Amino acid sequence: MAMVDEPVTTDSIVSDLRDLGVERGDVLLVHSSLSSLGWVSGGAPAVVDAL
């Protein structure tokens with residue numbers, strides 16, 4: 001997930017994860033700093049929804 005001028009959205013996170021090869025049903029262990037993603041529209045709940 002690259003830092004960009006536009007907000008990060010649930011859809012953009014899902015798209016980035018798919019680009020990395022993550023598929024529905026895969027198991028992920030995630031440790032992340034929300035601020036490292038940039039401005040996330042919807043905040044932490046949007047990240048959780050994307051995952």
# chains A, B, ... in the order shown; residues from 1 in each chain; ligands from 1

$ residues_around --residues "Gly42 of chain A" --least-positions-apart "3" --cutoff "12 Å" --atoms "only C-alpha atoms" --output "PyMOL selection string"
chain A and resi 7-11+34+38-39+45-50

$ select_by_dssp --residues "chain A" --states "helix (DSSP H, G or I)" --output "number ranges by chain"
A: 10-19, 34-37, 43-50

$ write_last_selection --atoms "all heavy atoms" --output "compact mmCIF listing (two decimals), in the first residue's frame"
# COMPACT_ATOMS: atom_id res chain seq x y z
N THR A 10 -11.62 1.32 1.95
CA THR A 10 -11.78 -0.13 2.05
C THR A 10 -11.52 -0.79 0.71
O THR A 10 -10.79 -1.78 0.62
CB THR A 10 -13.20 -0.48 2.55
OG1 THR A 10 -13.38 0.12 3.84
CG2 THR A 10 -13.40 -1.97 2.67
N ASP A 11 -12.09 -0.22 -0.35
CA ASP A 11 -11.90 -0.80 -1.69
C ASP A 11 -10.44 -0.77 -2.13
O ASP A 11 -9.96 -1.73 -2.75
CB ASP A 11 -12.76 -0.06 -2.72
CG ASP A 11 -14.25 -0.35 -2.57
OD1 ASP A 11 -14.61 -1.37 -1.94
OD2 ASP A 11 -15.05 0.45 -3.08
N SER A 12 -9.72 0.30 -1.82
CA SER A 12 -8.32 0.36 -2.24
C SER A 12 -7.46 -0.63 -1.46
O SER A 12 -6.53 -1.21 -2.00
CB SER A 12 -7.76 1.78 -2.12
OG SER A 12 -7.66 2.21 -0.78
N ILE A 13 -7.80 -0.85 -0.19
CA ILE A 13 -7.07 -1.86 0.60
C ILE A 13 -7.33 -3.25 0.04
O ILE A 13 -6.41 -4.04 -0.14
CB ILE A 13 -7.47 -1.78 2.09
CG1 ILE A 13 -7.03 -0.45 2.69
CG2 ILE A 13 -6.85 -2.95 2.87
CD1 ILE A 13 -7.59 -0.18 4.07
N VAL A 14 -8.60 -3.54 -0.25
CA VAL A 14 -8.94 -4.84 -0.83
C VAL A 14 -8.20 -5.04 -2.15
O VAL A 14 -7.62 -6.11 -2.40
CB VAL A 14 -10.47 -4.98 -1.03
CG1 VAL A 14 -10.81 -6.20 -1.86
CG2 VAL A 14 -11.18 -5.03 0.31
N SER A 15 -8.17 -4.02 -2.98
CA SER A 15 -7.48 -4.11 -4.27
C SER A 15 -5.99 -4.37 -4.07
O SER A 15 -5.40 -5.22 -4.76
CB SER A 15 -7.69 -2.82 -5.05
OG SER A 15 -6.99 -2.84 -6.26
N ASP A 16 -5.38 -3.65 -3.12
CA ASP A 16 -3.95 -3.85 -2.86
C ASP A 16 -3.67 -5.26 -2.35
O ASP A 16 -2.69 -5.90 -2.75
CB ASP A 16 -3.44 -2.83 -1.84
CG ASP A 16 -3.35 -1.42 -2.41
OD1 ASP A 16 -3.37 -1.28 -3.65
OD2 ASP A 16 -3.26 -0.48 -1.61
N LEU A 17 -4.53 -5.77 -1.47
CA LEU A 17 -4.35 -7.13 -0.95
C LEU A 17 -4.48 -8.15 -2.08
O LEU A 17 -3.71 -9.12 -2.14
CB LEU A 17 -5.34 -7.42 0.17
CG LEU A 17 -5.09 -6.65 1.48
CD1 LEU A 17 -6.28 -6.82 2.42
CD2 LEU A 17 -3.80 -7.12 2.13
N ARG A 18 -5.44 -7.95 -2.96
CA ARG A 18 -5.60 -8.87 -4.10
C ARG A 18 -4.38 -8.82 -5.01
O ARG A 18 -3.94 -9.85 -5.51
CB ARG A 18 -6.87 -8.53 -4.87
CG ARG A 18 -8.11 -8.95 -4.12
CD ARG A 18 -9.35 -8.75 -4.93
NE ARG A 18 -10.51 -9.21 -4.18
CZ ARG A 18 -11.72 -8.69 -4.27
NH1 ARG A 18 -11.94 -7.69 -5.10
NH2 ARG A 18 -12.71 -9.17 -3.55
N ASP A 19 -3.85 -7.60 -5.21
CA ASP A 19 -2.63 -7.45 -6.03
C ASP A 19 -1.46 -8.22 -5.42
O ASP A 19 -0.57 -8.67 -6.15
CB ASP A 19 -2.24 -5.99 -6.19
CG ASP A 19 -3.18 -5.21 -7.11
OD1 ASP A 19 -3.99 -5.84 -7.82
OD2 ASP A 19 -3.11 -3.96 -7.09
N LEU A 34 -1.89 2.28 11.92
CA LEU A 34 -2.88 2.94 11.07
C LEU A 34 -2.27 4.17 10.39
O LEU A 34 -2.52 4.41 9.21
CB LEU A 34 -4.10 3.33 11.90
CG LEU A 34 -5.30 3.88 11.15
CD1 LEU A 34 -5.82 2.87 10.13
CD2 LEU A 34 -6.40 4.27 12.11
N SER A 35 -1.44 4.90 11.10
CA SER A 35 -0.84 6.11 10.52
C SER A 35 0.09 5.78 9.36
O SER A 35 0.31 6.62 8.49
CB SER A 35 -0.11 6.91 11.58
OG SER A 35 0.97 6.19 12.11
N SER A 36 0.64 4.57 9.32
CA SER A 36 1.54 4.21 8.22
C SER A 36 0.79 4.02 6.90
O SER A 36 1.40 4.03 5.84
CB SER A 36 2.32 2.94 8.56
OG SER A 36 1.47 1.82 8.57
N LEU A 37 -0.53 3.87 6.98
CA LEU A 37 -1.34 3.73 5.77
C LEU A 37 -1.68 5.08 5.16
O LEU A 37 -2.11 5.15 4.03
CB LEU A 37 -2.63 2.97 6.08
CG LEU A 37 -2.48 1.54 6.56
CD1 LEU A 37 -3.85 0.97 6.93
CD2 LEU A 37 -1.81 0.68 5.50
N GLY A 43 -11.31 5.26 8.99
CA GLY A 43 -10.43 4.90 10.10
C GLY A 43 -10.21 3.40 10.23
O GLY A 43 -10.33 2.63 9.27
N ALA A 44 -9.90 3.00 11.46
CA ALA A 44 -9.59 1.59 11.74
C ALA A 44 -10.72 0.64 11.33
O ALA A 44 -10.44 -0.44 10.80
CB ALA A 44 -9.24 1.43 13.21
N PRO A 45 -12.00 1.00 11.54
CA PRO A 45 -13.05 0.08 11.11
C PRO A 45 -13.01 -0.22 9.60
O PRO A 45 -13.33 -1.35 9.19
CB PRO A 45 -14.34 0.82 11.48
CG PRO A 45 -13.96 1.68 12.63
CD PRO A 45 -12.55 2.13 12.30
N ALA A 46 -12.59 0.73 8.79
CA ALA A 46 -12.49 0.49 7.34
C ALA A 46 -11.40 -0.52 7.04
O ALA A 46 -11.56 -1.38 6.15
CB ALA A 46 -12.22 1.80 6.60
N VAL A 47 -10.30 -0.45 7.78
CA VAL A 47 -9.20 -1.42 7.58
C VAL A 47 -9.68 -2.81 7.99
O VAL A 47 -9.46 -3.79 7.26
CB VAL A 47 -7.95 -1.01 8.39
CG1 VAL A 47 -6.87 -2.07 8.28
CG2 VAL A 47 -7.44 0.35 7.93
N VAL A 48 -10.36 -2.90 9.10
CA VAL A 48 -10.88 -4.20 9.55
C VAL A 48 -11.88 -4.75 8.53
O VAL A 48 -11.84 -5.94 8.20
CB VAL A 48 -11.52 -4.07 10.96
CG1 VAL A 48 -12.24 -5.35 11.36
CG2 VAL A 48 -10.47 -3.70 11.99
N ASP A 49 -12.77 -3.89 8.02
CA ASP A 49 -13.73 -4.35 7.00
C ASP A 49 -13.02 -4.88 5.77
O ASP A 49 -13.44 -5.88 5.18
CB ASP A 49 -14.67 -3.21 6.61
CG ASP A 49 -15.69 -2.87 7.69
OD1 ASP A 49 -15.87 -3.68 8.63
OD2 ASP A 49 -16.30 -1.79 7.57
N ALA A 50 -11.95 -4.22 5.36
CA ALA A 50 -11.21 -4.67 4.17
C ALA A 50 -10.56 -6.02 4.39
O ALA A 50 -10.55 -6.87 3.51
CB ALA A 50 -10.13 -3.64 3.80
